[in-house]
Amino acid sequence: MSDSGLSHRASQWIYRGVWGVLARCFSVPHEPPTLPAAPSVTRTFRPSDGFLSYLKFHFWIILTLIDGAILFAWVIIYANAPRVGAWLAIPALIIAVLPDIIAYVAIHLRFDTTWYVMTDRSLRIRRGIWTIREITVTYDNVQNVSVSQGPLQRLFKFADVQIETAGGGGGGAPGHHGGGGGAHSARIEGVENASELRDLIMARVRASRSAGLGDESAAETETSGAGAWSPAALAVLTEIRDLARRIPA
């Protein structure tokens with residue numbers, strides 16, 4: 001086996017060990033989120049492997065810059081004061097290596113804890129490392145859906161789907177505040193089929209709006225359609241009838 005293969009297996013072994021400990025300590029869920037009394041779940045998915053490679057790419061660039069600066073500073077100190085440099089060798093190594101391990105594990109944690117669940121009425125997004133956050137976006141609140149993809153994202157073959165909603169989309173705090181007018185947004189990041197996903201969400205939005213309120217029952221829909229009277233109109237007519245009955249003959 002090559003050295004790169006051994007290095008990869010070693011990093012995976014370290015990650016799984018640390019991940020297992022953290023998952024037990026913080027009760028990190030292993031399964032995708034569920035919606036209470038949810039309609040049929042049509043799709044459950046996670047970010048693509050290209051998204052994980054993209055995160056690692058940034059990790060190695062930052063690691064090289066920071067560790068290179070630490071090494072350069074240590075070499076300068078050692079060249080001017082060998083005893084001080086020797087004394088600082090172990091602390092410098094710890095400062096350089098320990099954050100790298102933490103950052104590497106955090107990258108995998110971010111990837112493994114991100115889930116997306118689509119139903120015929122809403123979309124639920126779960127992500128987070130230290131604090132697991134979930135946001136539910138109902139199709140009734142969606143105003144716009146767009147795809148964003150930068151040069152590096154194209155290189156790693158994934159894109160993000162940005163969902164703009166009115167009033168926070170039912171999720172509140174986990175959403176990202178958008179540009180004004182009370183609008184909020186949610187992001188599906190790191191997916192390969194971003195355009196297909198955008199079209200699917202917009203199709204659900206159109207279906208939800210053409211059907212009226214997403215939570216109305218079939219019986220209410222049939223009554224409204226058959227009698228051609230809205231619930232508000234029926235309530236007014238009932239009130240008029242009751243008033244008429246109380247009028248003395």
# chains A, B, ... in the order shown; residues from 1 in each chain; ligands from 1
>>> residues_around(residues="Ala92 in chain A", least_positions_apart="3", cutoff="8 Å", atoms="only C-alpha atoms", output="PDB file with C-alpha atoms, in the first residue's frame")
ATOM      1  CA  ILE A  70       5.052  29.014  12.689  1.00  0.00           C
ATOM      2  CA  LEU A  71       7.953  27.046  11.234  1.00  0.00           C
ATOM      3  CA  TRP A  74      10.794  29.053  14.937  1.00  0.00           C
ATOM      4  CA  LEU A  88      10.324  26.360  22.057  1.00  0.00           C
ATOM      5  CA  ALA A  89      10.412  23.359  19.689  1.00  0.00           C
ATOM      6  CA  ILE A  95       0.627  24.958  18.496  1.00  0.00           C
ATOM      7  CA  ALA A  96       1.028  23.868  14.883  1.00  0.00           C
TER       8      ALA A  96
END
>>> closest_residue(among="A:Val147, A:Val205, A:Val84, A:Val117", to="Glu192 in chain A", atoms="only C-alpha atoms")
A:Val147
>>> residues_around(residues="Ser195 in chain A", least_positions_apart="2", cutoff="10 Å", atoms="only C-alpha atoms", output="PyMOL selection string")
chain A and resi 145-148+159-161+191-193+197-201
>>> write_last_selection(atoms="N, CA, C and O atoms", output="short mmCIF file (atom, residue, chain, number, x, y, z; two decimals), in the first residue's frame")
data_model
loop_
_atom_site.label_atom_id
_atom_site.label_comp_id
_atom_site.auth_asym_id
_atom_site.auth_seq_id
_atom_site.Cartn_x
_atom_site.Cartn_y
_atom_site.Cartn_z
N VAL A 145 -35.83 30.90 -5.69
CA VAL A 145 -34.83 29.84 -5.55
C VAL A 145 -33.78 30.05 -6.62
O VAL A 145 -34.10 30.18 -7.81
N SER A 146 -32.51 30.12 -6.22
CA SER A 146 -31.43 30.36 -7.18
C SER A 146 -30.27 29.41 -6.90
O SER A 146 -30.16 28.83 -5.81
N VAL A 147 -29.41 29.28 -7.89
CA VAL A 147 -28.21 28.43 -7.79
C VAL A 147 -26.98 29.32 -7.85
O VAL A 147 -26.89 30.20 -8.71
N SER A 148 -26.05 29.11 -6.94
CA SER A 148 -24.78 29.84 -6.96
C SER A 148 -23.63 28.85 -7.02
O SER A 148 -23.65 27.82 -6.35
N ALA A 159 -22.64 22.77 -6.27
CA ALA A 159 -23.15 24.14 -6.21
C ALA A 159 -24.04 24.27 -4.98
O ALA A 159 -24.35 23.28 -4.30
N ASP A 160 -24.47 25.50 -4.69
CA ASP A 160 -25.37 25.78 -3.58
C ASP A 160 -26.72 26.23 -4.13
O ASP A 160 -26.78 26.92 -5.15
N VAL A 161 -27.77 25.85 -3.44
CA VAL A 161 -29.12 26.29 -3.79
C VAL A 161 -29.57 27.27 -2.71
O VAL A 161 -29.66 26.91 -1.53
N VAL A 191 -24.29 20.46 -3.20
CA VAL A 191 -25.01 19.41 -3.91
C VAL A 191 -24.60 19.39 -5.38
O VAL A 191 -24.31 20.42 -5.98
N GLU A 192 -24.62 18.20 -5.95
CA GLU A 192 -24.19 18.05 -7.34
C GLU A 192 -25.30 18.44 -8.31
O GLU A 192 -25.05 19.05 -9.34
N ASN A 193 -26.54 18.07 -8.00
CA ASN A 193 -27.67 18.31 -8.91
C ASN A 193 -28.42 19.56 -8.50
O ASN A 193 -29.65 19.54 -8.30
N LEU A 197 -32.48 20.27 -8.41
CA LEU A 197 -33.10 20.51 -7.10
C LEU A 197 -33.87 21.83 -7.09
O LEU A 197 -34.96 21.93 -6.54
N ARG A 198 -33.28 22.87 -7.71
CA ARG A 198 -33.98 24.16 -7.81
C ARG A 198 -35.30 24.00 -8.55
O ARG A 198 -36.33 24.51 -8.10
N ASP A 199 -35.28 23.29 -9.69
CA ASP A 199 -36.50 23.10 -10.46
C ASP A 199 -37.54 22.30 -9.68
O ASP A 199 -38.75 22.58 -9.76
N LEU A 200 -37.09 21.31 -8.90
CA LEU A 200 -38.01 20.51 -8.11
C LEU A 200 -38.67 21.35 -7.02
O LEU A 200 -39.89 21.26 -6.81
N ILE A 201 -37.89 22.19 -6.35
CA ILE A 201 -38.45 23.05 -5.31
C ILE A 201 -39.45 24.03 -5.90
O ILE A 201 -40.54 24.25 -5.35
#
>>> atom_distance(atom1="CA of Ile107 in chain A", atom2="CA of Thr138 in chain A")
29.0 Å
>>> atom_distance(atom1="CA of Phe111 in chain A", atom2="CA of Asp140 in chain A")
28.7 Å
>>> closest_residue(among="A:Ile101, A:Leu152, A:Ile163, A:Ile129", to="His58 in chain A", atoms="only C-alpha atoms")
A:Leu152
